[in-house]
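Shown next, in structure tokens, is the structure this report addresses.
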Amino acid sequence: MVKASRTPAQLQVVAPARRHALADTGVMDAPLSPMVLSAERVARATLGRDEMRLAHSDATARVAARISTQLDPAMSEALVAAAWLHDIGHAEPLASTGFHPLDGALHLARSGWPDEVVRLVAHHSCAAVLAPYFGADHHLAVLDPVPGPAAEILTFADLVAGKDGKGSTISARIKEKRARHVPDDPIPEDVREARYRLLERTALRVLRSIPSGTSQSVELAQLR
Ligand SMILES: [Fe+2]
């Protein structure tokens with residue numbers, strides 16, 4: 001069942017940002033690292049005029065940080081940096097191929113960002129499913145997906161951050177993506193639906209991976 005209204009738990013997970021509000025989550029080593037702060041600066045500089053997308057990226061980073069305690073510190077840092085940066089390919093000056101995961105990743109690679117950050121951005125939220133319809137599959141294939149849970153956590157965070165950073169359940173976000181469909185969409189309907197199922201399964205797997213009985217698991221379980 002779709003949960004249309006936002007729960008207190010969602011509000012807590014994606015509460016409006018204060019400067020370094022990630023520090024409130026208690027998992028702060030990675031989010032306050034120089035690399036993550038640098039990612040935040042790049043996201044703000046690149047998406048500054050697109051307030052909604054910037055708020056979405058901020059919330060994505062906050063959710064990713066909250067779950068990144070499962071990862072080793074280096075991967076946690078790469079994940080939170082990638083969460084800040086995952087949508088910078090939408091910025092017009094960076095749009096070279098028109099496929100935003102690849103455009104963002106290419107920009108980051110040119111700018112010398114660590115390999116894991118580049119690959120997480122390139123493949124975020126099942127990008128490989130859509131790449132052939134943007135003529136981007138050959139380029140994307142050069143960048144291997146990051147194995148392990150980091151990529152799945154980024155997919156989860158991208159979903160539940162909500163398109164405006166105000167938070168969403170998994171099901172409401174997929175419903176919203178479905179409603180966004182336009183008649184001249186180059187992606188066939190069966191491919192779009194297959195990706196939604198993949199996104200949902202991935203996000204639910206992340207939820208299941210959170211140890212039960214913790215405050216995190218109670219909060220995040222409400223994001224189904
Ligand atoms: Fe996103």
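For the structure tokens, the naming scheme is as follows: chains receive sequential letters (A, B, ...) according to their order of presentation, residues are indexed from 1 within each chain, and ligands are indexed from 1 in presentation order.
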Do you have, as a tab-separated table, the list of residues of chain A lying at most 9 Å from ligand 1, each with its nearest atom pair and that distance in Å to one decimal, counting only C-alpha atoms and all ligand atoms and ordered by chain then number?
residue	atom	partner	partner_atom_place_in_ligand_line	distance
A:Arg53	CA	ligand 1	1 (Fe)	7.6
A:His56	CA	ligand 1	1 (Fe)	6.6
A:Ser57	CA	ligand 1	1 (Fe)	6.4
A:Thr60	CA	ligand 1	1 (Fe)	7.3
A:Ala83	CA	ligand 1	1 (Fe)	8.1
A:His86	CA	ligand 1	1 (Fe)	6.3
A:Asp87	CA	ligand 1	1 (Fe)	5.4
A:His124	CA	ligand 1	1 (Fe)	8.3
A:Ser125	CA	ligand 1	1 (Fe)	8.0
A:Thr155	CA	ligand 1	1 (Fe)	8.4
A:Ala157	CA	ligand 1	1 (Fe)	8.4
A:Asp158	CA	ligand 1	1 (Fe)	4.8
A:Leu159	CA	ligand 1	1 (Fe)	7.3
A:Ala161	CA	ligand 1	1 (Fe)	8.1
A:Gly162	CA	ligand 1	1 (Fe)	8.3
A:Lys163	CA	ligand 1	1 (Fe)	7.1
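Backbone DSSP of segment 137-187 of chain A yields helix (DSSP H, G or I) at A:Asp137, A:His138, A:His139, A:Leu140, A:Ala141, A:Pro149, A:Ala150, A:Ala151, A:Glu152, A:Ile153, A:Leu154, A:Thr155, A:Phe156, A:Ala157, A:Asp158, A:Leu159, A:Val160, A:Ile170, A:Ser171, A:Ala172, A:Arg173, A:Ile174, A:Lys175, A:Glu176, A:Lys177, A:Arg178, A:Ala179.
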Quiz item: Near segment 183-198 of chain A, within 8 Å and counting only C-alpha atoms, which residues show up once chain neighbours fewer than 6 positions away are dropped, as a list in words?
Solution: Cys126, Val129, Leu130, Tyr133 and Ile174 of chain A
